[in-house]
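Accompanying notes for the structure given below.
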Amino acid sequence: MDSYDSNLSFGSFDFQSDDFVNSWPYEFSDNTTPVTSSTDPSTPASPAAIEQYGSTEFGSNHACKRRLPSSSPESGALARPRKTRRLKSPKETAQVRVKGACYGCKLNRKTCQDGDDPEGSCRSCLSLSLSNKMKVIPGLLRPLCWRPNIGSTEMFRRGPTIDFAASHRGNLADATTGKQASWKTFATRPSSKQSSKVVELSQGWTSRALAIQLDRYAPKPTDKQYYSWYDGDMEYHFDTPAYGISNLDATSSAIQSFLTQNAEEYITKHLIGACETTRQTFAIAQEYKQYFPLVTRALKLWVGCRFIEEPWSIIGTETLDISLDDNPNCPYHDRIPVPPIVDLQIDVITINDLLQPEMKKILKTVKEMLESRNPWKNWFEIYLAYFILLHNVELTMAHDAWFVKRNNLKTKYSNKNLVDTIMQGATTLLTCFHYAHQGYAPFSDPKMEESQSWNSRQKGYLADMRSLLATTHGDYTKDPSRELFWTSQLHRPNWRPLVLSS
């Protein structure tokens, strides 16, 4: 634009009025006239103004320059004091990021700073307790300051232990203290176009089969082509041909569809020998899963975790030319196993494409519910979901005990890093349940139901649970792999985290 109308106005506001000139935070000038506070552009600027604002030659016909704050009392309303802000030290910031904010500070959107004792309560919680302003909820017992590190919760293994892996393909990182090994999905390259075969697989829990395509491939030296089994102290090998999964997307879709079609049957068959508390809780969870999204995801995760525990067997007419073993003591005397690398691929596909995405969604929802200011909000949904997740921990621990026995190991656990992370995740869920969601209170005080909007079915379940809890006893409190070891802690009054040695 080469020219403009100096009398231009918008609406009823005149750009040439004194009100506008006095309130506008910028001063207009051309490239030959020094900046002046006067509304008359012909008035030259004083030497003091030139010294304060500097040169005004901007290389354009019209320019604006922001007035700088002045310490002079005559500078008027344009002088605005800048708010000072104390910057945290990098060390302090790093510590907060590692430890996370405590529950109270996160709920109130406050900066969480360590007190004199880095392992003790933060400054905000200490200040509230000393001033008697800490809000106490009746029936809720929790420490003064606690940090719900829900984002690091793990409920399943991320892959096999490297010592027992059928291949090193897909291994991204070995396990370290408190951290599991990391694996990615991998495909085998077919050795010929005519090598494809479709096999039907089963874990023995449903009448339907999982159909996937396998291809012959050229194995690497680190690929195992056999299963080890033991008869007393003698080790034997059961050989299998070199077949693998080359189409990952098709296999992933087949696994997802198989889970959707067979989830209910998996749950029903697995719970046949379960205790009454577990059966009743899963029954009401399945009834209300369409109303409770978190419960739906927890059930899906529970079924998916069974896919990576039970061994897969070939049940169709296509057996890849594998025959049963004649030795009646061999575990492959009455079933044909899939090749070891196929079993590994199914595990890794299930973990990366199904379990991990589902777990992220669960933890995101749990975190959102955790930040609710109403501890009773969504209590029933949270309780059912936590019960399912903790029951999954019990089954995971039981599977590890089975694996130790099957492989004739001389250790308590086959995967210590897995056990450590799983137990830590279970303890985190229990901590959140008791400290943020009123915990066991509905199981100990029936009068609490009067203030809630639970229907007759939900109240009936709570009444049944109170009766069962009064008669439930056993040694389940001593073995982390026993049923009810973790789930029963949801109902325990005066709960405190257990210290377990792995």
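If you're wondering about the labels, chains in the structure tokens are A, B, ... by order shown, residues count from 1 in each chain, ligands from 1 in order shown.
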
Exercise. Name the residues of region 162-273 of chain A that come out as strand (DSSP E) in a backbone DSSP run; write them as JSON, numbers by chain.
Key: {"A": [171, 172, 173, 182, 183, 197, 198, 199, 200, 201, 202, 210, 211, 212, 213, 214, 215, 216, 226, 227, 228, 229, 230, 231, 234, 235, 236, 237, 238, 239, 243, 244]}

Quiz item: Contacts of region 327-342 of chain A at 9 Å or less, counting only C-alpha atoms, minus same-chain residues fewer than 6 places along, as a ChimeraX atom specification?
Solution: /A:165-167,201,214,223-227,229-231,236,238-245,311-315,319-320

Those selected residues, please, written with N, CA and C atoms and delivered as a short mmCIF file (atom, residue, chain, number, x, y, z; two decimals), in the first residue's frame.
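Produced file result.cif, reproduced below:
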data_model
loop_
_atom_site.label_atom_id
_atom_site.label_comp_id
_atom_site.auth_asym_id
_atom_site.auth_seq_id
_atom_site.Cartn_x
_atom_site.Cartn_y
_atom_site.Cartn_z
N ALA A 165 14.84 -67.10 24.89
CA ALA A 165 14.25 -66.65 23.63
C ALA A 165 14.58 -67.62 22.50
N ALA A 166 13.61 -67.82 21.62
CA ALA A 166 13.82 -68.71 20.48
C ALA A 166 14.69 -68.07 19.41
N SER A 167 14.89 -66.77 19.50
CA SER A 167 15.73 -66.05 18.54
C SER A 167 16.10 -64.70 19.15
N LEU A 201 -4.28 -72.90 14.96
CA LEU A 201 -3.65 -72.97 16.28
C LEU A 201 -4.69 -72.83 17.39
N LEU A 214 2.06 -69.40 7.53
CA LEU A 214 3.48 -69.57 7.83
C LEU A 214 4.24 -69.85 6.55
N ASP A 223 18.65 -68.79 15.77
CA ASP A 223 17.25 -69.24 15.77
C ASP A 223 17.15 -70.68 16.27
N LYS A 224 16.37 -70.90 17.30
CA LYS A 224 16.19 -72.25 17.84
C LYS A 224 15.17 -73.00 16.98
N GLN A 225 15.50 -74.25 16.67
CA GLN A 225 14.61 -75.09 15.88
C GLN A 225 14.16 -76.31 16.68
N TYR A 226 14.11 -76.15 17.99
CA TYR A 226 13.72 -77.28 18.85
C TYR A 226 13.20 -76.75 20.18
N TYR A 227 12.49 -77.62 20.90
CA TYR A 227 12.05 -77.34 22.27
C TYR A 227 12.81 -78.26 23.22
N TRP A 229 12.97 -80.29 26.76
CA TRP A 229 12.10 -80.83 27.81
C TRP A 229 12.92 -81.78 28.67
N TYR A 230 12.45 -82.03 29.88
CA TYR A 230 13.25 -82.77 30.85
C TYR A 230 12.48 -83.98 31.37
N ASP A 231 13.22 -85.05 31.53
CA ASP A 231 12.72 -86.26 32.18
C ASP A 231 13.67 -86.55 33.32
N TYR A 236 16.08 -83.33 26.85
CA TYR A 236 15.82 -83.84 25.51
C TYR A 236 15.39 -82.68 24.61
N PHE A 238 12.97 -81.60 21.18
CA PHE A 238 11.89 -81.92 20.25
C PHE A 238 12.07 -81.01 19.04
N ASP A 239 12.48 -81.56 17.91
CA ASP A 239 12.83 -80.76 16.72
C ASP A 239 11.59 -80.31 15.95
N THR A 240 11.70 -79.12 15.34
CA THR A 240 10.63 -78.54 14.53
C THR A 240 11.23 -77.98 13.24
N PRO A 241 10.45 -77.89 12.16
CA PRO A 241 10.96 -77.32 10.90
C PRO A 241 11.06 -75.80 10.97
N ALA A 242 11.79 -75.23 10.00
CA ALA A 242 12.04 -73.78 9.97
C ALA A 242 10.88 -73.06 9.27
N TYR A 243 9.82 -72.79 10.02
CA TYR A 243 8.70 -72.00 9.53
C TYR A 243 8.56 -70.75 10.40
N GLY A 244 8.14 -69.65 9.75
CA GLY A 244 7.95 -68.40 10.48
C GLY A 244 6.85 -67.57 9.88
N ILE A 245 6.54 -66.46 10.53
CA ILE A 245 5.50 -65.52 10.07
C ILE A 245 6.15 -64.44 9.23
N PRO A 311 1.02 -72.14 25.88
CA PRO A 311 1.65 -72.54 24.61
C PRO A 311 0.60 -72.77 23.52
N TRP A 312 0.96 -72.45 22.30
CA TRP A 312 0.08 -72.66 21.16
C TRP A 312 0.38 -74.01 20.51
N SER A 313 -0.68 -74.72 20.12
CA SER A 313 -0.54 -76.03 19.49
C SER A 313 -1.23 -76.03 18.13
N ILE A 314 -0.74 -76.87 17.23
CA ILE A 314 -1.35 -77.04 15.90
C ILE A 314 -2.45 -78.09 16.02
N ILE A 315 -3.67 -77.74 15.61
CA ILE A 315 -4.79 -78.66 15.77
C ILE A 315 -5.42 -79.06 14.44
N THR A 319 0.06 -79.93 9.60
CA THR A 319 0.92 -80.04 10.79
C THR A 319 2.37 -79.67 10.52
N LEU A 320 2.69 -79.18 9.32
CA LEU A 320 4.07 -78.82 8.94
C LEU A 320 4.99 -80.03 9.02
#

Exercise. One decimal, Å: what's the distance from CA of Lys459 (chain A) over to CA of Glu265 (chain A), could you say?
Key: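 Value for the CA of Lys459 (chain A)-CA of Glu265 (chain A) distance: 26.9 Å.
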
Exercise. Go through A:Leu430, A:Pro446, A:His391, A:Glu310 and flag the residue nearest Ser467 (chain A), using only C-alpha atoms for the distances.
Key: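 Smallest distance to Ser467 (chain A) is found for A:Pro446.
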
Quiz item: In Å to one decimal, how far is CA of Cys305 (chain A) from CA of Tyr440 (chain A)?
Solution: 27.0 Å

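For His399 (chain A), the list of residues within 10 Å, based on only C-alpha atoms and with local chain neighbours fewer than 2 positions off taken out, reads A:Arg306, A:Glu309, A:Glu310, A:Val393, A:Glu394, A:Leu395, A:Thr396, A:Met397, A:Ala401, A:Trp402, A:Phe403, A:Val404, A:Lys405, A:Ser414, A:Ser481.
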